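The structure appears right after this line, and notes come after that.
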Amino acid sequence: DRIIFSSAFRSLQDKTQVIPLSKTDFVHTRLTHSLEVSVVGRSLGRLVGKKIIEKHPYLQDVHGFHMNDFGAIVAAAALAHDIGNPPFGHSGEKAIGEYFKTGSGSRYKEHLTAKEWQDLTDFEGNANGFNLLTASRPGIDGGLRISYATLGAFMKYPKESLPKKPTGNIADKKYGFFQCDAAFAQDVAKELGMIPNKSGDDIGYERHPLAYLVEAADDICYTIIDFEDGINLGLIQEEFALEYLIKLVKDSIDAAKYNTLTTKEDRISYLRALAIGSLINDAVSTFLANEEKILEGKYPYALTDQGSYTAQINDILQISRKNVYQSREVIEKEIIGYRIINVLLDTFCSAYNNKFEGTASNYDLQVLKMLPEKFVTEKMTLYDRLLHICHFVSTLTDGKAVLLYNTITGAR
């Protein structure tokens, strides 16, 4: 409930899933995607929970756990899985990182530690989401006050930004918390009994078992739903739908029913529903078959990378990548997004730092009046100030980012 009623979650209604700034009513946004991932996640959690309680009855007899508890945790974590993503999809993450890596933000590098700098140059929506869910501000202790179990399930990549991709373990693919949140992430991991997998001063853990289900829910949805969007947009031919999905649905399709469907949208929706059902059952089977390895921290894969339909998933992703993610419409709008985010970061970072250093111009002070009230706060270190502005830009919807850009550049 707290996730759904949060402003960060509401902003997902105007954030890109695949097609930036789309005016087409059937194309998914981050909001509809997150709701679908949550529903799939609940199913995965319940199905796995039922089998685990049957296998380990003391979980119910002694601790009172129910299969719906598994479903609720996975559903909540899945609902929030994209809550930290900036505007303009994954290109928004790259745009923030490149502002610091190769843009005007590179001037800050010499004043930051290596790990602080990596947080900025490799800005990560997953880490930003952990911050949104947990960071305190005046009068609001613990952010949205999410349970530790849900936070554990939320952290697909329970490590800091450095070392980058130290192993082939799926848990090391990206990072899951900023330096400013590292201490709390360690508290969560310790409380949940997550297994440390880094040495020295580096922080990282094997995944919480339920994080595998959150990831599977996301993988299932974006694989099938982005493919569906591509067909509905005319970027992928409808004939490809049956050709690429048939191996997923062959055991459940009712050919007579399928042949009675007269519209493309209905035919695609029917195939999509059956395909998601098949992938849910397969992910559950893969999880249960590898339960002991997962609990021991010895399962370095995504469930969908080790299932019965891995080849089919890869085929679908390949055609979506070619026809949808790299379509001219997507590329053109991502280029616009890069420019917008670069200008917003440069304008607000400069103004915010100039004010702290006592060198703010009247223009800087006017710019800072556009910050929402909850972002009007002083941060004492350069790292905290830069990350604070990144947090602000990341909370913007695609539309609000465009409006702010137009205001700053005088385009309206």
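Every chain in the structure tokens has a letter given in the order shown (A, B, ...), and although residue numbers restart at 1 in each chain, ligands are simply numbered from 1 in the order shown.
When the distance limit is 10 Å and only C-alpha atoms are what count, the residues near A:Thr395, minus those fewer than 6 positions from it on the same chain, are A:Ser7, A:Ala8, A:Phe9, A:Ser11, A:Leu12, A:Lys15, A:Ile83, A:Gly84, A:Asn85, A:Pro86, A:Pro87, A:Asn128, A:Leu132, A:Ile389, A:Ala401.
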Practice item. Determine, counting only C-alpha atoms, which protein, DNA and RNA residues have an atom within 12 Å of an atom of A:Pro163; residues of the same chain fewer than 2 positions away are not included. Present the result as a ChimeraX atom specification. Key: /A:114-115,118-119,122,159-161,165-167,172-175,198-204
Hey, can you spit out that residue selection with N, CA and C atoms as a PDB file, in the first residue's frame?
ATOM      1  N   ALA A 114      36.780   6.786  -5.346  1.00  0.00           N
ATOM      2  CA  ALA A 114      36.542   5.952  -6.527  1.00  0.00           C
ATOM      3  C   ALA A 114      35.128   5.371  -6.520  1.00  0.00           C
ATOM      4  N   LYS A 115      34.662   4.938  -5.353  1.00  0.00           N
ATOM      5  CA  LYS A 115      33.330   4.332  -5.275  1.00  0.00           C
ATOM      6  C   LYS A 115      32.231   5.385  -5.413  1.00  0.00           C
ATOM      7  N   GLN A 118      32.088   6.129  -9.092  1.00  0.00           N
ATOM      8  CA  GLN A 118      31.452   5.046  -9.832  1.00  0.00           C
ATOM      9  C   GLN A 118      29.940   5.090  -9.680  1.00  0.00           C
ATOM     10  N   ASP A 119      29.438   5.445  -8.487  1.00  0.00           N
ATOM     11  CA  ASP A 119      27.990   5.595  -8.286  1.00  0.00           C
ATOM     12  C   ASP A 119      27.393   6.557  -9.309  1.00  0.00           C
ATOM     13  N   ASP A 122      28.140   5.436 -13.310  1.00  0.00           N
ATOM     14  CA  ASP A 122      27.425   4.217 -13.688  1.00  0.00           C
ATOM     15  C   ASP A 122      26.069   4.229 -12.984  1.00  0.00           C
ATOM     16  N   LYS A 159      25.131  -5.467  -4.105  1.00  0.00           N
ATOM     17  CA  LYS A 159      26.545  -5.085  -4.014  1.00  0.00           C
ATOM     18  C   LYS A 159      26.686  -3.591  -4.265  1.00  0.00           C
ATOM     19  N   GLU A 160      27.854  -3.047  -3.921  1.00  0.00           N
ATOM     20  CA  GLU A 160      28.154  -1.649  -4.220  1.00  0.00           C
ATOM     21  C   GLU A 160      28.718  -1.539  -5.635  1.00  0.00           C
ATOM     22  N   SER A 161      28.943  -0.306  -6.087  1.00  0.00           N
ATOM     23  CA  SER A 161      29.261  -0.093  -7.508  1.00  0.00           C
ATOM     24  C   SER A 161      30.645  -0.595  -7.916  1.00  0.00           C
ATOM     25  N   LYS A 165      31.288  -5.698 -12.037  1.00  0.00           N
ATOM     26  CA  LYS A 165      31.191  -7.034 -12.639  1.00  0.00           C
ATOM     27  C   LYS A 165      32.405  -7.903 -12.303  1.00  0.00           C
ATOM     28  N   PRO A 166      32.682  -8.118 -11.018  1.00  0.00           N
ATOM     29  CA  PRO A 166      33.871  -8.890 -10.642  1.00  0.00           C
ATOM     30  C   PRO A 166      33.790 -10.362 -11.005  1.00  0.00           C
ATOM     31  N   THR A 167      32.578 -10.883 -11.200  1.00  0.00           N
ATOM     32  CA  THR A 167      32.400 -12.299 -11.547  1.00  0.00           C
ATOM     33  C   THR A 167      31.266 -12.419 -12.559  1.00  0.00           C
ATOM     34  N   ASP A 172      26.249 -10.037  -9.514  1.00  0.00           N
ATOM     35  CA  ASP A 172      27.299  -9.043  -9.716  1.00  0.00           C
ATOM     36  C   ASP A 172      27.144  -8.268 -11.026  1.00  0.00           C
ATOM     37  N   LYS A 173      26.069  -8.521 -11.751  1.00  0.00           N
ATOM     38  CA  LYS A 173      25.896  -7.915 -13.079  1.00  0.00           C
ATOM     39  C   LYS A 173      25.830  -6.388 -12.993  1.00  0.00           C
ATOM     40  N   LYS A 174      25.120  -5.870 -11.990  1.00  0.00           N
ATOM     41  CA  LYS A 174      25.009  -4.429 -11.760  1.00  0.00           C
ATOM     42  C   LYS A 174      25.244  -4.197 -10.270  1.00  0.00           C
ATOM     43  N   TYR A 175      24.846  -3.021  -9.763  1.00  0.00           N
ATOM     44  CA  TYR A 175      24.950  -2.823  -8.326  1.00  0.00           C
ATOM     45  C   TYR A 175      23.615  -2.369  -7.756  1.00  0.00           C
ATOM     46  N   LYS A 198      32.185 -10.898  -0.980  1.00  0.00           N
ATOM     47  CA  LYS A 198      33.292 -10.002  -1.331  1.00  0.00           C
ATOM     48  C   LYS A 198      34.325 -10.004  -0.215  1.00  0.00           C
ATOM     49  N   SER A 199      35.542  -9.621  -0.536  1.00  0.00           N
ATOM     50  CA  SER A 199      36.620  -9.621   0.448  1.00  0.00           C
ATOM     51  C   SER A 199      37.112  -8.196   0.700  1.00  0.00           C
ATOM     52  N   GLY A 200      37.882  -8.032   1.763  1.00  0.00           N
ATOM     53  CA  GLY A 200      38.451  -6.733   2.079  1.00  0.00           C
ATOM     54  C   GLY A 200      37.390  -5.712   2.425  1.00  0.00           C
ATOM     55  N   ASP A 201      37.544  -4.515   1.866  1.00  0.00           N
ATOM     56  CA  ASP A 201      36.612  -3.421   2.151  1.00  0.00           C
ATOM     57  C   ASP A 201      35.410  -3.400   1.211  1.00  0.00           C
ATOM     58  N   ASP A 202      35.359  -4.313   0.268  1.00  0.00           N
ATOM     59  CA  ASP A 202      34.259  -4.341  -0.697  1.00  0.00           C
ATOM     60  C   ASP A 202      33.029  -5.015  -0.091  1.00  0.00           C
ATOM     61  N   ILE A 203      31.859  -4.528  -0.477  1.00  0.00           N
ATOM     62  CA  ILE A 203      30.605  -5.009   0.096  1.00  0.00           C
ATOM     63  C   ILE A 203      29.772  -5.676  -0.991  1.00  0.00           C
ATOM     64  N   GLY A 204      29.359  -6.906  -0.746  1.00  0.00           N
ATOM     65  CA  GLY A 204      28.499  -7.605  -1.694  1.00  0.00           C
ATOM     66  C   GLY A 204      28.016  -8.910  -1.099  1.00  0.00           C
TER      67      GLY A 204
END
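If only C-alpha atoms are the atoms counted, then among A:His33, A:His111, A:Arg137, A:Lys400 the closest residue to A:Glu373 is A:Arg137.
Nearest to A:Leu31 of all the residues A:Ala72, A:Asn353, A:Thr397, A:Ala289 is A:Thr397, based on only C-alpha atoms.
Here the question is which of A:Ala171, A:Leu213, A:Arg107, A:Lys190 gets nearest to A:Ser38 using only C-alpha atoms, and that residue is A:Leu213.
Of the residues under consideration (A:His81, A:Arg385, A:Arg10, A:Lys94), A:Lys94 shows the shortest atom-to-atom contact distance to A:Phe123 when counting only C-alpha atoms.
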Review point. DSSP says helix (DSSP H, G or I) for which residues of stretch 266-368 of chain A? Put them as a PyMOL selection string?
Key: chain A and resi 266-289+291-295+303-305+310-325+328-357+362-368
Same residues, C-alpha atoms, saved as a compact mmCIF listing (two decimals), in the first residue's frame:
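So the final result, stored in selection-v3.txt, reads:
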# COMPACT_ATOMS: atom_id res chain seq x y z
CA ASP A 266 -7.31 -10.22 -29.25
CA ARG A 267 -5.13 -12.85 -30.91
CA ILE A 268 -1.94 -11.37 -29.47
CA SER A 269 -3.52 -10.98 -26.00
CA TYR A 270 -4.56 -14.64 -25.99
CA LEU A 271 -1.08 -15.84 -26.95
CA ARG A 272 0.51 -13.49 -24.44
CA ALA A 273 -1.60 -14.80 -21.56
CA LEU A 274 -0.76 -18.42 -22.36
CA ALA A 275 2.95 -17.64 -22.83
CA ILE A 276 3.19 -15.89 -19.47
CA GLY A 277 1.46 -18.85 -17.81
CA SER A 278 3.98 -21.27 -19.31
CA LEU A 279 6.94 -19.15 -18.23
CA ILE A 280 5.58 -18.78 -14.68
CA ASN A 281 5.29 -22.56 -14.29
CA ASP A 282 8.74 -23.07 -15.75
CA ALA A 283 10.35 -20.50 -13.41
CA VAL A 284 8.70 -22.15 -10.40
CA SER A 285 10.03 -25.56 -11.48
CA THR A 286 13.53 -24.16 -12.00
CA PHE A 287 13.51 -22.47 -8.57
CA LEU A 288 12.34 -25.59 -6.75
CA ALA A 289 14.82 -27.83 -8.57
CA GLU A 291 16.34 -24.59 -3.97
CA GLU A 292 19.35 -25.96 -2.06
CA LYS A 293 21.88 -24.22 -4.33
CA ILE A 294 19.96 -20.95 -4.02
CA LEU A 295 19.92 -21.17 -0.20
CA LEU A 303 15.87 -18.52 -13.46
CA THR A 304 14.90 -17.71 -17.06
CA ASP A 305 18.49 -18.43 -18.17
CA THR A 310 15.60 -20.15 -22.46
CA ALA A 311 16.18 -20.52 -26.21
CA GLN A 312 12.68 -19.25 -27.02
CA ILE A 313 13.11 -16.27 -24.69
CA ASN A 314 16.41 -15.36 -26.34
CA ASP A 315 14.83 -15.58 -29.80
CA ILE A 316 11.99 -13.25 -28.76
CA LEU A 317 14.40 -10.77 -27.14
CA GLN A 318 16.57 -10.77 -30.24
CA ILE A 319 13.72 -9.75 -32.53
CA SER A 320 12.46 -7.16 -30.00
CA ARG A 321 15.96 -5.72 -29.77
CA LYS A 322 16.23 -5.40 -33.54
CA ASN A 323 12.71 -4.22 -34.39
CA VAL A 324 11.64 -2.32 -31.25
CA TYR A 325 14.52 -1.23 -29.02
CA ARG A 328 14.07 4.83 -35.39
CA GLU A 329 11.25 6.12 -33.17
CA VAL A 330 12.93 4.84 -30.00
CA ILE A 331 16.42 6.04 -31.00
CA GLU A 332 15.24 9.54 -31.94
CA LYS A 333 13.44 10.03 -28.63
CA GLU A 334 16.33 8.60 -26.63
CA ILE A 335 18.61 11.18 -28.26
CA ILE A 336 16.19 13.89 -27.14
CA GLY A 337 16.24 12.37 -23.65
CA TYR A 338 20.04 12.47 -23.51
CA ARG A 339 20.04 16.18 -24.30
CA ILE A 340 17.29 16.98 -21.80
CA ILE A 341 18.92 15.12 -18.90
CA ASN A 342 22.33 16.64 -19.66
CA VAL A 343 20.95 20.18 -19.51
CA LEU A 344 18.91 19.53 -16.35
CA LEU A 345 21.86 17.98 -14.50
CA ASP A 346 24.28 20.72 -15.52
CA THR A 347 21.88 23.51 -14.59
CA PHE A 348 20.81 22.15 -11.20
CA CYS A 349 24.20 20.70 -10.13
CA SER A 350 25.90 24.03 -10.86
CA ALA A 351 23.23 26.07 -9.07
CA TYR A 352 23.09 23.75 -6.05
CA ASN A 353 26.86 23.67 -5.60
CA ASN A 354 27.27 27.39 -6.21
CA LYS A 355 24.75 28.14 -3.48
CA PHE A 356 26.56 25.85 -1.02
CA GLU A 357 29.89 27.56 -1.84
CA ASN A 362 20.71 35.36 -9.27
CA TYR A 363 20.05 32.89 -12.10
CA ASP A 364 21.22 30.01 -9.87
CA LEU A 365 18.87 31.12 -7.09
CA GLN A 366 15.96 31.35 -9.54
CA VAL A 367 16.74 27.87 -10.88
CA LEU A 368 16.72 26.39 -7.36
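From atom CA of A:Ala153 back to atom CA of A:Asn126, the distance works out to 12.1 Å.
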Check your understanding: Near A:Gly49, within 12 Å and counting only C-alpha atoms, which residues show up once chain neighbours fewer than 2 positions away are dropped, as a ChimeraX atom specification?
Key -> /A:41-47,51-57,59-60,65-74,209-210,213,284,287-288,291
Study note, to complete from the structure: From the list A:Leu382, A:Thr16, A:Glu238, A:Tyr148, the nearest residue to A:Gly89 using only C-alpha atoms is A:Thr16
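Using only C-alpha atoms, the smallest distance between any of A:Leu386, A:Val37, A:Leu133, A:Ile96 and A:Met155 comes from A:Leu133.
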**Study point:** d(atom CA of A:Phe154, atom CA of A:Asp82) in Å
**Key:** 9.8 Å
Exercise for review: For A:Glu191, list every protein, DNA or RNA residue within 12 Å, evaluated using only C-alpha atoms, and leave out those in the same chain fewer than 2 positions away; present the list as JSON, numbers by chain.
Suggested key: {"A": [147, 148, 149, 151, 152, 184, 185, 186, 187, 188, 189, 193, 194, 195, 208]}
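As for atom CA of A:Asp14 and atom CA of A:Asp398, they are spaced 5.9 Å apart.
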